[in-house]
Amino acid sequence: MNIQKIAFIGLGLIGGSIAKTLKRVAPQIKLYAVSGHLSTIKQAYEAGVIENDKMLNLNEISDADYIFLCTPVQQNLEYLHQLKDMISPDTVITDVGSVKGDIHRAVVKLGLEEHFIGGHPMAGSEKTGFAAATPYLLENAYYVITPAGKTAPHQLERYRNLVSLLGAIPLVLDYDQHDFATASISHLPHVIAYSLVNLVKETDDADETMKTIAAGGFRDMTRIAASSPVMWQDICLSNKNQILRLIDLYTGQLADIRSYIEAGDREKMTAYFTSAKNYRDSLSVRKTGPMQPVFELYCDLIDEVGGIATIATLLASNGISIKNIGILHNREFEDGVLHIELYDQKSLETADVLLQKYHYTVYRR
């Protein structure tokens, strides 16, 4: 690929994970970083991930083969303006934001279409910062690529190869198509989670009965409301039109089911719930319904032949039956590459201890 230098502006969970992964899979590439926190630079340098142990000016990274913008969406736009007149002719600027429309429109306005390829690695969690980054976060995760209007075919192919080198699965989409899709499967669910938590908070009684009895279904549905409020404010403003469109569509869905419940229409309620259940069951990683306990864990897994079989054999040889197992390709706000669902709490506890004994990194929710 002949990539010699990659720079990062921002080195949090996603930027840090990409950097750590590159250091693992392509140690010959020199990595540099610009961050608003000197402590982050020091931490990354001491970990052997980046070359610089002090703050750098943007012109010191302007000759990089790739510059990854890994700050909040609105800050990325500011950095685009600053980089416009200083980057080298062959430098490609990319980003990791979950909204693509704003930055693509800014790229067109700035005349940077030949120098920009959008990116959205669909991995992450509510955790933040370089310390939370891992060299396996992107393993087998979808990585959406949104080329600009003037992206050269060879540049797009080179970028796809870079994404594949990270262990991710490249998926090329138009940026508007991307923004509507992510608004539907990521942004709207977060808005719903925040609103549901606020509804319970505002309608709970003085004894906090609802809070006390909140069970798995409520906790599972609202877990993502623990994510950064500042980040989600930024995302909602950046993808405003698509999110508003989907809120309107969603309120239409609520109106439909409300009318069925009000009318006591058993047939329509059953059809509505069955349609949703069938679609939910068709998802690649299937989970038990919200009213039943779920015994699941996640673990990091290197993409190598027999990796899943090794874990399955390890668990089976210790008398642990697996209910469901599979790779998570979309891991936004999920820890671990491999999802394992078991039949009971005892199996879960035993599997957790056993996998850690054999040096797997295990995550529990």
# chains A, B, ... in the order shown; residues from 1 in each chain; ligands from 1
>>> select_by_dssp(residues="region 191-316 of chain A", states="strand (DSSP E or B)", output="VMD selection string")
chain A and resid 295 to 299
>>> residues_around(residues="region 4-6 of chain A", least_positions_apart="6", cutoff="12 Å", atoms="only C-alpha atoms", output="JSON, numbers by chain")
{"A": [15, 18, 19, 22, 23, 26, 27, 28, 29, 30, 31, 32, 33, 34, 49, 50, 51, 60, 61, 62, 63, 64, 65, 66, 67, 68, 69, 90, 91, 92, 93, 94, 162]}
>>> write_last_selection(atoms="N, CA and C atoms", output="mmCIF file, in the first residue's frame")
data_model
loop_
_atom_site.group_PDB
_atom_site.id
_atom_site.type_symbol
_atom_site.label_atom_id
_atom_site.label_comp_id
_atom_site.auth_asym_id
_atom_site.auth_seq_id
_atom_site.Cartn_x
_atom_site.Cartn_y
_atom_site.Cartn_z
ATOM 1 N N GLY A 15 -10.448 7.016 17.310
ATOM 2 C CA GLY A 15 -9.129 7.360 16.783
ATOM 3 C C GLY A 15 -8.035 6.549 17.439
ATOM 4 N N ILE A 18 -8.115 2.919 16.129
ATOM 5 C CA ILE A 18 -7.536 2.812 14.788
ATOM 6 C C ILE A 18 -6.016 2.880 14.881
ATOM 7 N N ALA A 19 -5.511 3.820 15.692
ATOM 8 C CA ALA A 19 -4.062 3.956 15.850
ATOM 9 C C ALA A 19 -3.452 2.694 16.466
ATOM 10 N N LEU A 22 -3.433 -0.052 13.863
ATOM 11 C CA LEU A 22 -2.377 0.153 12.864
ATOM 12 C C LEU A 22 -1.013 -0.201 13.435
ATOM 13 N N LYS A 23 -0.775 0.155 14.676
ATOM 14 C CA LYS A 23 0.504 -0.189 15.298
ATOM 15 C C LYS A 23 0.669 -1.712 15.393
ATOM 16 N N ALA A 26 0.467 -2.908 11.156
ATOM 17 C CA ALA A 26 1.390 -2.261 10.211
ATOM 18 C C ALA A 26 2.362 -1.370 10.962
ATOM 19 N N PRO A 27 3.234 -1.955 11.774
ATOM 20 C CA PRO A 27 4.137 -1.167 12.620
ATOM 21 C C PRO A 27 5.113 -0.296 11.843
ATOM 22 N N GLN A 28 5.259 -0.559 10.533
ATOM 23 C CA GLN A 28 6.179 0.240 9.732
ATOM 24 C C GLN A 28 5.622 1.632 9.421
ATOM 25 N N ILE A 29 4.315 1.823 9.564
ATOM 26 C CA ILE A 29 3.701 3.125 9.309
ATOM 27 C C ILE A 29 3.924 4.031 10.521
ATOM 28 N N LYS A 30 4.418 5.222 10.284
ATOM 29 C CA LYS A 30 4.653 6.179 11.358
ATOM 30 C C LYS A 30 3.344 6.912 11.677
ATOM 31 N N LEU A 31 2.975 6.903 12.949
ATOM 32 C CA LEU A 31 1.729 7.513 13.384
ATOM 33 C C LEU A 31 2.002 8.749 14.238
ATOM 34 N N TYR A 32 1.250 9.808 13.962
ATOM 35 C CA TYR A 32 1.376 11.055 14.709
ATOM 36 C C TYR A 32 -0.023 11.497 15.131
ATOM 37 N N ALA A 33 -0.085 12.334 16.160
ATOM 38 C CA ALA A 33 -1.397 12.764 16.645
ATOM 39 C C ALA A 33 -1.379 14.199 17.131
ATOM 40 N N VAL A 34 -2.510 14.862 16.905
ATOM 41 C CA VAL A 34 -2.790 16.177 17.469
ATOM 42 C C VAL A 34 -3.987 16.004 18.394
ATOM 43 N N VAL A 49 2.462 3.964 20.635
ATOM 44 C CA VAL A 49 1.534 4.021 19.501
ATOM 45 C C VAL A 49 1.903 5.136 18.528
ATOM 46 N N ILE A 50 2.257 6.320 19.031
ATOM 47 C CA ILE A 50 2.573 7.452 18.160
ATOM 48 C C ILE A 50 4.034 7.869 18.331
ATOM 49 N N GLU A 51 4.500 8.660 17.366
ATOM 50 C CA GLU A 51 5.906 9.073 17.332
ATOM 51 C C GLU A 51 6.178 10.330 18.141
ATOM 52 N N GLU A 60 2.689 20.410 10.782
ATOM 53 C CA GLU A 60 3.653 19.332 10.977
ATOM 54 C C GLU A 60 3.088 17.961 10.584
ATOM 55 N N ILE A 61 1.782 17.889 10.368
ATOM 56 C CA ILE A 61 1.176 16.632 9.924
ATOM 57 C C ILE A 61 0.549 16.763 8.535
ATOM 58 N N SER A 62 0.739 17.904 7.908
ATOM 59 C CA SER A 62 0.057 18.190 6.643
ATOM 60 C C SER A 62 0.550 17.346 5.475
ATOM 61 N N ASP A 63 1.692 16.676 5.637
ATOM 62 C CA ASP A 63 2.231 15.844 4.559
ATOM 63 C C ASP A 63 1.893 14.366 4.735
ATOM 64 N N ALA A 64 1.023 14.046 5.687
ATOM 65 C CA ALA A 64 0.681 12.648 5.940
ATOM 66 C C ALA A 64 -0.078 12.050 4.766
ATOM 67 N N ASP A 65 0.045 10.747 4.575
ATOM 68 C CA ASP A 65 -0.731 10.069 3.533
ATOM 69 C C ASP A 65 -2.218 10.159 3.842
ATOM 70 N N TYR A 66 -2.549 9.962 5.127
ATOM 71 C CA TYR A 66 -3.930 10.101 5.587
ATOM 72 C C TYR A 66 -3.962 10.938 6.855
ATOM 73 N N ILE A 67 -4.970 11.801 6.941
ATOM 74 C CA ILE A 67 -5.241 12.532 8.169
ATOM 75 C C ILE A 67 -6.640 12.143 8.623
ATOM 76 N N PHE A 68 -6.717 11.506 9.791
ATOM 77 C CA PHE A 68 -7.999 11.079 10.351
ATOM 78 C C PHE A 68 -8.536 12.169 11.273
ATOM 79 N N LEU A 69 -9.717 12.690 10.957
ATOM 80 C CA LEU A 69 -10.389 13.641 11.836
ATOM 81 C C LEU A 69 -11.244 12.849 12.812
ATOM 82 N N ASP A 90 -1.015 14.817 -2.369
ATOM 83 C CA ASP A 90 -1.474 13.423 -2.303
ATOM 84 C C ASP A 90 -2.138 13.051 -0.977
ATOM 85 N N THR A 91 -2.279 14.010 -0.084
ATOM 86 C CA THR A 91 -2.881 13.725 1.225
ATOM 87 C C THR A 91 -4.378 13.501 1.091
ATOM 88 N N VAL A 92 -4.866 12.488 1.785
ATOM 89 C CA VAL A 92 -6.301 12.219 1.856
ATOM 90 C C VAL A 92 -6.762 12.489 3.284
ATOM 91 N N ILE A 93 -7.762 13.335 3.414
ATOM 92 C CA ILE A 93 -8.385 13.598 4.713
ATOM 93 C C ILE A 93 -9.589 12.667 4.845
ATOM 94 N N THR A 94 -9.735 12.063 5.983
ATOM 95 C CA THR A 94 -10.896 11.224 6.248
ATOM 96 C C THR A 94 -11.405 11.543 7.644
ATOM 97 N N LEU A 162 -6.982 -0.083 3.119
ATOM 98 C CA LEU A 162 -6.592 0.349 4.462
ATOM 99 C C LEU A 162 -7.613 -0.119 5.493
#
>>> select_by_dssp(residues="region 233-330 of chain A", states="helix (DSSP H, G or I)", output="ChimeraX atom specification")
/A:233-238,240-263,266-281,307-317
>>> closest_atom_pairs(of="region 234-259 of chain A", to="region 99-105 of chain A", cutoff="7 Å", atoms="only C-alpha atoms", output="tab-separated table")
residue	atom	partner	partner_atom	distance
A:Ile235	CA	A:Val99	CA	6.8
A:Ser238	CA	A:Asp102	CA	6.3
A:Asn239	CA	A:Val99	CA	6.1
>>> write_last_selection(atoms="C-alpha atoms", output="short mmCIF file (atom, residue, chain, number, x, y, z; two decimals), in the first residue's frame")
data_model
loop_
_atom_site.label_atom_id
_atom_site.label_comp_id
_atom_site.auth_asym_id
_atom_site.auth_seq_id
_atom_site.Cartn_x
_atom_site.Cartn_y
_atom_site.Cartn_z
CA ILE A 235 -24.95 14.31 16.28
CA SER A 238 -25.45 17.49 12.42
CA ASN A 239 -28.07 15.01 11.21
#
>>> closest_residue(among="A:His81, A:Glu304, A:Leu297, A:Ala123", to="Val353 (chain A)", atoms="only C-alpha atoms")
A:Leu297
